[in-house]
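my_file10.txt (compact mmCIF, C-alpha atoms) appears below.
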# COMPACT_ATOMS: atom_id res chain seq x y z
CA MET A 1 -5.73 -12.42 10.35
CA LYS A 2 -5.87 -13.42 6.69
CA LEU A 3 -2.89 -13.74 4.35
CA GLY A 4 -3.11 -12.15 0.93
CA PHE A 5 -0.87 -10.33 -1.51
CA VAL A 6 -0.82 -7.18 -3.62
CA SER A 7 -1.68 -8.28 -7.15
CA ALA A 8 0.53 -5.65 -8.84
CA ILE A 9 3.43 -8.13 -8.88
CA LEU A 10 1.43 -10.18 -11.41
CA ASP A 11 1.67 -7.58 -14.16
CA GLY A 12 0.41 -9.12 -17.40
CA TRP A 13 -1.78 -11.72 -15.69
CA SER A 14 -5.51 -11.56 -16.36
CA PHE A 15 -7.94 -11.24 -13.45
CA GLU A 16 -8.69 -14.95 -13.70
CA GLU A 17 -5.02 -15.93 -13.81
CA MET A 18 -4.30 -13.72 -10.82
CA ILE A 19 -7.10 -15.23 -8.73
CA ASP A 20 -6.11 -18.75 -9.79
CA THR A 21 -2.52 -18.03 -8.73
CA ALA A 22 -3.74 -16.87 -5.31
CA ARG A 23 -5.75 -20.07 -4.91
CA ASP A 24 -2.97 -22.34 -6.12
CA LEU A 25 -0.43 -20.74 -3.76
CA GLY A 26 -2.77 -21.01 -0.78
CA PHE A 27 -3.65 -17.34 -0.22
CA SER A 28 -7.13 -16.56 1.08
CA CYS A 29 -7.35 -13.03 -0.32
CA VAL A 30 -5.81 -10.49 -2.69
CA GLU A 31 -5.42 -6.72 -2.77
CA ALA A 32 -6.48 -6.18 -6.37
CA ALA A 33 -4.65 -3.59 -8.48
CA CYS A 34 -7.03 -1.15 -10.18
CA TRP A 35 -4.92 1.38 -12.09
CA PRO A 36 -6.38 3.00 -15.21
CA SER A 37 -5.30 1.44 -18.47
CA GLY A 38 -2.16 2.84 -20.06
CA LYS A 39 1.58 2.98 -19.55
CA ALA A 40 2.82 2.66 -15.97
CA GLU A 41 4.63 5.70 -14.58
CA ARG A 42 6.71 3.56 -12.24
CA ARG A 43 7.47 -0.02 -11.31
CA TYR A 44 4.58 -1.95 -9.71
CA ALA A 45 2.07 0.61 -10.99
CA GLY A 46 -0.20 0.71 -14.01
CA VAL A 47 -1.48 -2.80 -13.32
CA SER A 48 -5.22 -3.34 -13.63
CA HIS A 49 -6.72 -6.66 -12.64
CA ILE A 50 -10.15 -5.08 -12.23
CA ASP A 51 -11.25 -2.47 -14.76
CA VAL A 52 -13.26 -0.02 -12.65
CA ASP A 53 -14.18 2.01 -15.73
CA GLY A 54 -16.15 -0.86 -17.20
CA LEU A 55 -17.54 -2.39 -14.02
CA THR A 56 -21.14 -3.25 -14.88
CA ASP A 57 -23.50 -5.21 -12.63
CA GLU A 58 -22.90 -8.23 -14.83
CA LYS A 59 -19.12 -7.90 -14.59
CA SER A 60 -19.32 -7.41 -10.81
CA ALA A 61 -21.36 -10.59 -10.43
CA TYR A 62 -18.82 -12.46 -12.55
CA ILE A 63 -15.88 -11.21 -10.45
CA LEU A 64 -17.56 -12.10 -7.17
CA GLY A 65 -18.64 -15.49 -8.49
CA TYR A 66 -15.16 -16.29 -9.75
CA CYS A 67 -13.62 -15.35 -6.39
CA LYS A 68 -16.19 -17.37 -4.45
CA GLU A 69 -15.69 -20.48 -6.57
CA ARG A 70 -11.95 -20.38 -5.89
CA GLY A 71 -12.17 -19.41 -2.22
CA VAL A 72 -10.30 -16.13 -2.65
CA GLU A 73 -11.62 -12.84 -1.24
CA LEU A 74 -10.80 -9.27 -2.25
CA SER A 75 -9.27 -7.56 0.78
CA SER A 76 -9.08 -4.18 -0.95
CA LEU A 77 -9.03 -2.42 -4.29
CA ALA A 78 -5.63 -0.80 -4.78
CA PHE A 79 -4.71 2.41 -6.61
CA TYR A 80 -1.66 4.37 -5.45
CA PRO A 81 -1.49 7.75 -7.27
CA ASN A 82 -0.43 11.26 -6.32
CA THR A 83 -3.74 13.02 -5.64
CA MET A 84 -1.90 16.20 -4.62
CA ASP A 85 0.31 16.39 -7.70
CA GLU A 86 1.60 19.84 -8.58
CA ASP A 87 0.42 19.16 -12.14
CA LEU A 88 -3.25 20.07 -11.79
CA GLU A 89 -4.31 17.96 -14.77
CA LYS A 90 -2.67 14.85 -13.30
CA ARG A 91 -4.13 15.66 -9.88
CA ALA A 92 -7.67 15.88 -11.27
CA ALA A 93 -7.28 12.65 -13.26
CA ASN A 94 -5.94 10.78 -10.21
CA ILE A 95 -8.76 11.97 -7.96
CA ALA A 96 -11.37 11.09 -10.57
CA HIS A 97 -10.01 7.56 -10.95
CA LEU A 98 -9.71 7.11 -7.17
CA LYS A 99 -13.42 7.92 -6.87
CA LYS A 100 -14.14 5.25 -9.48
CA VAL A 101 -12.16 2.76 -7.40
CA ILE A 102 -14.20 3.75 -4.34
CA LEU A 103 -17.43 3.17 -6.27
CA ALA A 104 -16.13 -0.21 -7.46
CA SER A 105 -15.22 -1.18 -3.90
CA GLU A 106 -18.78 -0.48 -2.83
CA LYS A 107 -20.23 -2.33 -5.83
CA LEU A 108 -18.13 -5.42 -5.14
CA GLY A 109 -18.90 -5.36 -1.42
CA VAL A 110 -15.21 -4.95 -0.53
CA GLY A 111 -15.56 -1.75 1.48
CA MET A 112 -11.84 -0.94 1.37
CA VAL A 113 -9.56 1.07 -0.90
CA THR A 114 -5.79 1.23 -0.36
CA THR A 115 -3.99 4.30 -1.70
CA PHE A 116 -1.75 7.33 -1.00
CA VAL A 117 -2.73 10.87 -0.05
CA GLY A 118 -0.05 12.16 -2.41
CA ARG A 119 2.14 15.22 -2.03
CA ALA A 120 3.23 18.40 -3.77
CA THR A 121 6.85 17.27 -3.88
CA HIS A 122 8.51 20.67 -3.82
CA LYS A 123 6.35 22.21 -1.08
CA THR A 124 6.92 22.03 2.69
CA VAL A 125 5.07 19.73 5.06
CA GLU A 126 3.03 22.70 6.31
CA GLU A 127 2.05 23.68 2.78
CA ASN A 128 1.10 20.10 2.02
CA LEU A 129 -1.04 19.84 5.12
CA GLU A 130 -3.01 22.85 3.88
CA LEU A 131 -3.34 21.15 0.50
CA PHE A 132 -4.48 17.99 2.28
CA ARG A 133 -7.08 20.07 4.14
CA GLU A 134 -8.41 21.27 0.79
CA ILE A 135 -8.32 18.01 -1.22
CA TRP A 136 -8.96 15.11 1.10
CA PRO A 137 -12.12 15.88 3.15
CA PRO A 138 -14.28 15.74 -0.02
CA ILE A 139 -12.66 12.44 -1.08
CA VAL A 140 -13.31 10.85 2.31
CA ALA A 141 -16.84 12.28 2.44
CA PHE A 142 -17.42 10.55 -0.91
CA ALA A 143 -16.04 7.30 0.55
CA GLU A 144 -18.32 7.66 3.59
CA GLU A 145 -21.35 8.08 1.34
CA HIS A 146 -20.46 4.79 -0.33
CA HIS A 147 -19.55 2.90 2.87
CA VAL A 148 -15.90 2.46 1.94
CA LYS A 149 -12.85 2.79 4.18
CA VAL A 150 -9.76 4.47 2.75
CA ALA A 151 -6.43 3.09 4.03
CA ILE A 152 -3.34 5.20 3.30
CA GLU A 153 0.04 3.52 2.89
CA ASN A 154 3.00 5.23 4.60
CA CYS A 155 5.44 5.04 1.67
CA PRO A 156 7.34 8.31 0.99
CA MET A 157 7.35 7.56 -2.75
CA TRP A 158 10.82 8.99 -3.22
CA PHE A 159 12.62 7.42 -6.17
CA ASP A 160 15.06 9.84 -7.75
CA ALA A 161 16.21 13.46 -7.96
CA THR A 162 12.90 14.59 -9.45
CA ASN A 163 11.18 13.58 -6.21
CA TRP A 164 13.55 15.51 -3.97
CA PRO A 165 13.03 16.53 -1.24
CA GLY A 166 9.55 15.41 -0.29
CA GLY A 167 8.62 12.41 -2.39
CA GLN A 168 5.10 11.91 -3.66
CA ASN A 169 3.24 10.95 -0.49
CA LEU A 170 2.86 13.12 2.61
CA PHE A 171 1.51 10.40 4.91
CA THR A 172 4.85 8.97 6.07
CA THR A 173 5.39 9.49 9.81
CA PRO A 174 3.41 9.27 13.06
CA ASP A 175 3.72 13.04 13.50
CA ILE A 176 2.14 13.68 10.10
CA TRP A 177 -0.49 10.96 10.64
CA ARG A 178 -1.51 12.67 13.87
CA ARG A 179 -1.91 16.00 12.12
CA CYS A 180 -3.84 14.48 9.23
CA PHE A 181 -6.24 12.77 11.64
CA GLU A 182 -6.78 16.09 13.43
CA ILE A 183 -7.76 17.65 10.10
CA LEU A 184 -9.78 14.63 9.01
CA PRO A 185 -11.06 12.57 11.99
CA SER A 186 -13.43 10.44 9.88
CA PRO A 187 -13.68 6.78 10.97
CA ASN A 188 -13.43 5.89 7.27
CA PHE A 189 -9.93 7.36 6.98
CA GLY A 190 -7.06 5.22 8.25
CA ILE A 191 -3.74 3.49 7.63
CA ASN A 192 -2.49 0.76 5.33
CA TYR A 193 0.47 0.01 7.57
CA ASP A 194 3.73 -0.94 5.84
CA PRO A 195 6.55 -1.33 8.37
CA SER A 196 9.27 -1.68 5.70
CA HIS A 197 9.22 2.08 5.08
CA PHE A 198 10.07 2.72 8.72
CA ILE A 199 13.18 0.57 8.42
CA TRP A 200 14.86 2.69 5.75
CA GLN A 201 13.66 5.92 7.37
CA GLN A 202 15.46 4.77 10.57
CA MET A 203 12.22 4.80 12.58
CA ASP A 204 10.60 2.57 15.20
CA TYR A 205 8.05 0.34 13.45
CA ILE A 206 6.49 -1.09 16.64
CA ARG A 207 5.70 2.09 18.59
CA PRO A 208 3.01 3.33 16.13
CA LEU A 209 1.02 0.14 16.70
CA TYR A 210 0.13 1.39 20.19
CA GLU A 211 -1.14 4.88 19.37
CA PHE A 212 -2.73 4.11 16.01
CA LYS A 213 -4.11 0.63 16.60
CA ASP A 214 -7.69 1.74 15.88
CA ARG A 215 -6.62 3.45 12.65
CA ILE A 216 -4.88 0.46 11.06
CA PHE A 217 -7.33 -0.88 8.47
CA HIS A 218 -4.96 -2.97 6.34
CA VAL A 219 -1.33 -4.16 6.62
CA HIS A 220 1.37 -4.61 4.00
CA ALA A 221 3.96 -7.32 4.60
CA LYS A 222 7.19 -6.17 3.04
CA ASP A 223 10.70 -6.26 4.50
CA ALA A 224 13.69 -3.98 3.98
CA ALA A 225 17.41 -4.79 4.07
CA ILE A 226 20.13 -2.27 4.92
CA ASP A 227 23.60 -2.39 3.37
CA ARG A 228 25.57 -1.00 6.33
CA GLU A 229 28.81 -0.60 4.40
CA GLN A 230 27.14 1.40 1.63
CA LEU A 231 25.24 3.47 4.21
CA ALA A 232 28.55 4.31 5.90
CA GLN A 233 29.84 5.63 2.58
CA THR A 234 26.84 7.56 1.32
CA GLY A 235 24.60 8.47 4.27
CA ILE A 236 20.81 8.39 4.15
CA LEU A 237 20.20 11.42 1.93
CA THR A 238 21.45 9.88 -1.29
CA ASP A 239 19.60 7.18 -3.17
CA PHE A 240 18.41 3.58 -2.79
CA SER A 241 21.91 2.12 -3.03
CA TRP A 242 22.08 1.45 0.72
CA TRP A 243 18.72 -0.28 1.18
CA SER A 244 16.30 -2.48 -0.73
CA TYR A 245 12.89 -4.07 -0.33
CA ARG A 246 12.79 -7.76 0.50
CA ILE A 247 10.33 -10.58 0.98
CA PRO A 248 9.44 -10.99 4.70
CA GLY A 249 12.24 -12.84 6.47
CA ARG A 250 15.01 -11.47 4.23
CA GLY A 251 15.31 -8.06 5.88
CA GLU A 252 15.51 -6.43 9.30
CA LEU A 253 11.94 -6.71 10.55
CA ASP A 254 10.99 -8.83 13.55
CA TRP A 255 7.78 -10.25 12.10
CA LYS A 256 6.91 -12.38 15.11
CA LYS A 257 6.95 -9.32 17.34
CA LEU A 258 5.04 -7.15 14.87
CA LEU A 259 2.35 -9.72 14.09
CA GLY A 260 2.04 -10.56 17.78
CA MET A 261 1.46 -6.90 18.55
CA LEU A 262 -1.20 -6.62 15.85
CA LYS A 263 -2.93 -9.71 17.25
CA ALA A 264 -2.78 -8.32 20.79
CA ASN A 265 -4.40 -5.13 19.50
CA GLY A 266 -7.29 -7.14 18.10
CA TYR A 267 -6.38 -6.68 14.46
CA ASP A 268 -8.15 -9.36 12.44
CA GLY A 269 -7.80 -7.92 8.95
CA THR A 270 -5.53 -8.76 6.06
CA ILE A 271 -1.76 -9.12 6.01
CA SER A 272 -1.09 -8.33 2.36
CA LEU A 273 2.28 -9.54 1.10
CA GLU A 274 3.72 -6.80 -1.12
CA HIS A 275 6.28 -8.52 -3.32
CA GLU A 276 8.92 -6.00 -4.46
CA ASP A 277 11.98 -8.20 -4.01
CA ALA A 278 14.09 -8.10 -7.18
CA ALA A 279 15.77 -11.37 -6.22
CA TYR A 280 12.45 -13.12 -6.85
CA GLU A 281 11.59 -11.60 -10.21
CA GLY A 282 12.28 -12.22 -13.87
CA THR A 283 10.26 -15.39 -14.36
CA LEU A 284 6.86 -16.69 -13.31
CA GLU A 285 8.56 -19.35 -11.20
CA ALA A 286 10.68 -16.74 -9.40
CA VAL A 287 7.67 -14.53 -8.64
CA GLU A 288 5.68 -17.48 -7.31
CA ASN A 289 8.64 -18.63 -5.22
CA GLY A 290 8.84 -15.14 -3.71
CA LEU A 291 5.17 -15.22 -2.78
CA LEU A 292 5.49 -18.75 -1.37
CA ASP A 293 8.64 -17.99 0.64
CA GLY A 294 7.11 -14.83 2.07
CA LYS A 295 3.87 -16.64 2.90
CA ALA A 296 5.71 -19.48 4.64
CA TYR A 297 7.72 -17.05 6.76
CA LEU A 298 4.64 -15.05 7.76
CA GLU A 299 2.71 -18.20 8.64
CA GLN A 300 5.58 -19.36 10.85
CA SER A 301 5.76 -15.93 12.48
CA MET A 302 2.06 -16.02 13.31
CA LYS A 303 2.40 -19.14 15.45
Starting from the file, lay out its structure as C-alpha cells.
Amino acid sequence: MKLGFVSAILDGWSFEEMIDTARDLGFSCVEAACWPSGKAERRYAGVSHIDVDGLTDEKSAYILGYCKERGVELSSLAFYPNTMDEDLEKRAANIAHLKKVILASEKLGVGMVTTFVGRATHKTVEENLELFREIWPPIVAFAEEHHVKVAIENCPMWFDATNWPGGQNLFTTPDIWRRCFEILPSPNFGINYDPSHFIWQQMDYIRPLYEFKDRIFHVHAKDAAIDREQLAQTGILTDFSWWSYRIPGRGELDWKKLLGMLKANGYDGTISLEHEDAAYEGTLEAVENGLLDGKAYLEQSMK
C-alpha cells in the first residue's frame, strides 16, 4: 500500500508546489484535485492542481516528467461534484467536467478518477436509484472506453438545512452500494472507501471490507471524533456540532485493524490522507504538521 494525500488541502498552491510538498513530506503519491476554475461552492472544493480543460500533450508530458523527477505518483484525479443535481444546468456542467477528468486520467496514464455519484437531495432513495440508473451507466461506459476506473466516495455530503434530508451523494451505505452495483455491475465502477463517514453515521466500518473487498479501488484516510456530551443533548439528526473530522489517530477509528484487514484482502492501492482537521489549518506550517502527523500514525499502524 502507498501513502498519499488529497491535494485539495493545499488550496492556493501551484501544481509544482503541491508535488514538491508531497516529496518533501515523504509521500509517494497524491490524489490531485481537478475542479473547474472558479469560486468553490464548499470547503475543500474548487481546487485545481491540474487543469483538465487545458491538458495538451505537451502539458501532460510536463506533469508526468515533473512527478517522475520528484518520485511522486498520481494515485487518482479527484473531482467531487453532484452529478445528479436537481438543477439540470448544474448537473450537465458537472457531468461534462467529470468526463474531462476521465479523459485527463487516461491521458496521464493514471487510470483512476475519484468522485461522487451525487443525489437529488429532496427525492427518496428509490427515486434517486432510478436517476442513477439513467445517469450513471453512460458515464461508466465512457470511463470503460478510456480505460479508467471510477471510485465513488461514501460521503453523504450533508452540510446544512439546504441539504436536508438526503445530502448530495447517494452512495453512502452498504445497502445502497449493493443496489448500485446490481444496476451497474461494471468492473470499472467501485468504491473510494472513507471509513470516517461510517463513524458519524453510527455504522460498522470493518464489515463492508469483507463483502466489497473487490470493489475497493482507492481508500481515504480520515478520522472522525464524537462529542458524546453534545450528542446526548442534540441527537444525530441535527448538525455537525456533535462530531468532527480529524487526522488519523485523533478520532475513533482503529487504523491498525482497518489497514490490517485491507492488507489481508490483498489491497495494494493507495491510502490517501484526506486532511480536513480544522485543528491543523490556518497556516502552511499547521497544514504540513497535520499531513505529517497523519502520515506518521498511518505508517505506525501499518506495521
Distance in Å - atom CA of A:Asp204 versus atom CA of A:Leu253: 10.5 Å
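Minimum atom-to-atom distance to A:Ser75, evaluated using all atoms listed in the file, belongs to A:Val30 out of A:Val30, A:Leu170, A:Val125, A:Leu209.
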For A:Leu129: contacts at 9 Å, all atoms listed in the file, fewer than 6 positions along chain excluded, given as number ranges by chain: A: 170, 176, 179-180, 183
Distance query 7 Å from (12.7, 14.7, -4.5) using all atoms listed in the file, result as a PyMOL selection string: chain A and resi 121+158+160-167
Contact residues around stretch 290-297 of chain A with all atoms listed in the file at 9 Å, ignoring same-chain residues under 4 positions, as number ranges by chain: A: 3-5, 25-27, 221-222, 247-250, 255, 273-275, 277, 279-281, 285-286, 301-302
Since we have the selection now, will you write its residues out, keeping C-alpha atoms, as a PDB file, in the frame of the given file?
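The file below, selection-v1.pdb, is the result:
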ATOM      1  CA  LEU A   3      -2.890 -13.740   4.350  1.00  0.00           C
ATOM      2  CA  GLY A   4      -3.110 -12.150   0.930  1.00  0.00           C
ATOM      3  CA  PHE A   5      -0.870 -10.330  -1.510  1.00  0.00           C
ATOM      4  CA  LEU A  25      -0.430 -20.740  -3.760  1.00  0.00           C
ATOM      5  CA  GLY A  26      -2.770 -21.010  -0.780  1.00  0.00           C
ATOM      6  CA  PHE A  27      -3.650 -17.340  -0.220  1.00  0.00           C
ATOM      7  CA  ALA A 221       3.960  -7.320   4.600  1.00  0.00           C
ATOM      8  CA  LYS A 222       7.190  -6.170   3.040  1.00  0.00           C
ATOM      9  CA  ILE A 247      10.330 -10.580   0.980  1.00  0.00           C
ATOM     10  CA  PRO A 248       9.440 -10.990   4.700  1.00  0.00           C
ATOM     11  CA  GLY A 249      12.240 -12.840   6.470  1.00  0.00           C
ATOM     12  CA  ARG A 250      15.010 -11.470   4.230  1.00  0.00           C
ATOM     13  CA  TRP A 255       7.780 -10.250  12.100  1.00  0.00           C
ATOM     14  CA  LEU A 273       2.280  -9.540   1.100  1.00  0.00           C
ATOM     15  CA  GLU A 274       3.720  -6.800  -1.120  1.00  0.00           C
ATOM     16  CA  HIS A 275       6.280  -8.520  -3.320  1.00  0.00           C
ATOM     17  CA  ASP A 277      11.980  -8.200  -4.010  1.00  0.00           C
ATOM     18  CA  ALA A 279      15.770 -11.370  -6.220  1.00  0.00           C
ATOM     19  CA  TYR A 280      12.450 -13.120  -6.850  1.00  0.00           C
ATOM     20  CA  GLU A 281      11.590 -11.600 -10.210  1.00  0.00           C
ATOM     21  CA  GLU A 285       8.560 -19.350 -11.200  1.00  0.00           C
ATOM     22  CA  ALA A 286      10.680 -16.740  -9.400  1.00  0.00           C
ATOM     23  CA  SER A 301       5.760 -15.930  12.480  1.00  0.00           C
ATOM     24  CA  MET A 302       2.060 -16.020  13.310  1.00  0.00           C
TER      25      MET A 302
END
Please enclose the listed atoms of stretch 239-248 of chain A in an axis-aligned box, pad each side by 8 Å, and write out the centre and the three edge lengths in Å, rounded to one decimal, as JSON.
{"center_x": 15.8, "center_y": -1.9, "center_z": 0.8, "size_x": 28.6, "size_y": 34.2, "size_z": 23.9}
Close residues, A:His97 itself excluded, 10 Å, all atoms listed in the file, min 4 positions apart in chain, as a ChimeraX atom specification: /A:34-36,52-53,79,81,83,92-93,101-103
12 Å contact set for A:Glu69, all atoms listed in the file, chain neighbours under 3 positions out, as a VMD selection string: chain A and resid 16 19 to 20 23 62 to 66 72 to 73
Write a file of the selected residues as a PDB file, keeping the file's coordinate frame, keeping C-alpha atoms.
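Dumped to part_7.pdb:
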ATOM      1  CA  GLU A  16      -8.690 -14.950 -13.700  1.00  0.00           C
ATOM      2  CA  ILE A  19      -7.100 -15.230  -8.730  1.00  0.00           C
ATOM      3  CA  ASP A  20      -6.110 -18.750  -9.790  1.00  0.00           C
ATOM      4  CA  ARG A  23      -5.750 -20.070  -4.910  1.00  0.00           C
ATOM      5  CA  TYR A  62     -18.820 -12.460 -12.550  1.00  0.00           C
ATOM      6  CA  ILE A  63     -15.880 -11.210 -10.450  1.00  0.00           C
ATOM      7  CA  LEU A  64     -17.560 -12.100  -7.170  1.00  0.00           C
ATOM      8  CA  GLY A  65     -18.640 -15.490  -8.490  1.00  0.00           C
ATOM      9  CA  TYR A  66     -15.160 -16.290  -9.750  1.00  0.00           C
ATOM     10  CA  VAL A  72     -10.300 -16.130  -2.650  1.00  0.00           C
ATOM     11  CA  GLU A  73     -11.620 -12.840  -1.240  1.00  0.00           C
TER      12      GLU A  73
END
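Taking all atoms listed in the file into account, the protein, DNA and RNA residues within 8 Å of (-3.4, 9.7, -0.1) read A:Tyr80, A:Pro81, A:Asn82, A:Thr83, A:Thr115, A:Phe116, A:Val117, A:Gly118, A:Trp136, A:Ile152, A:Glu153, A:Asn169, A:Leu170, A:Phe171.
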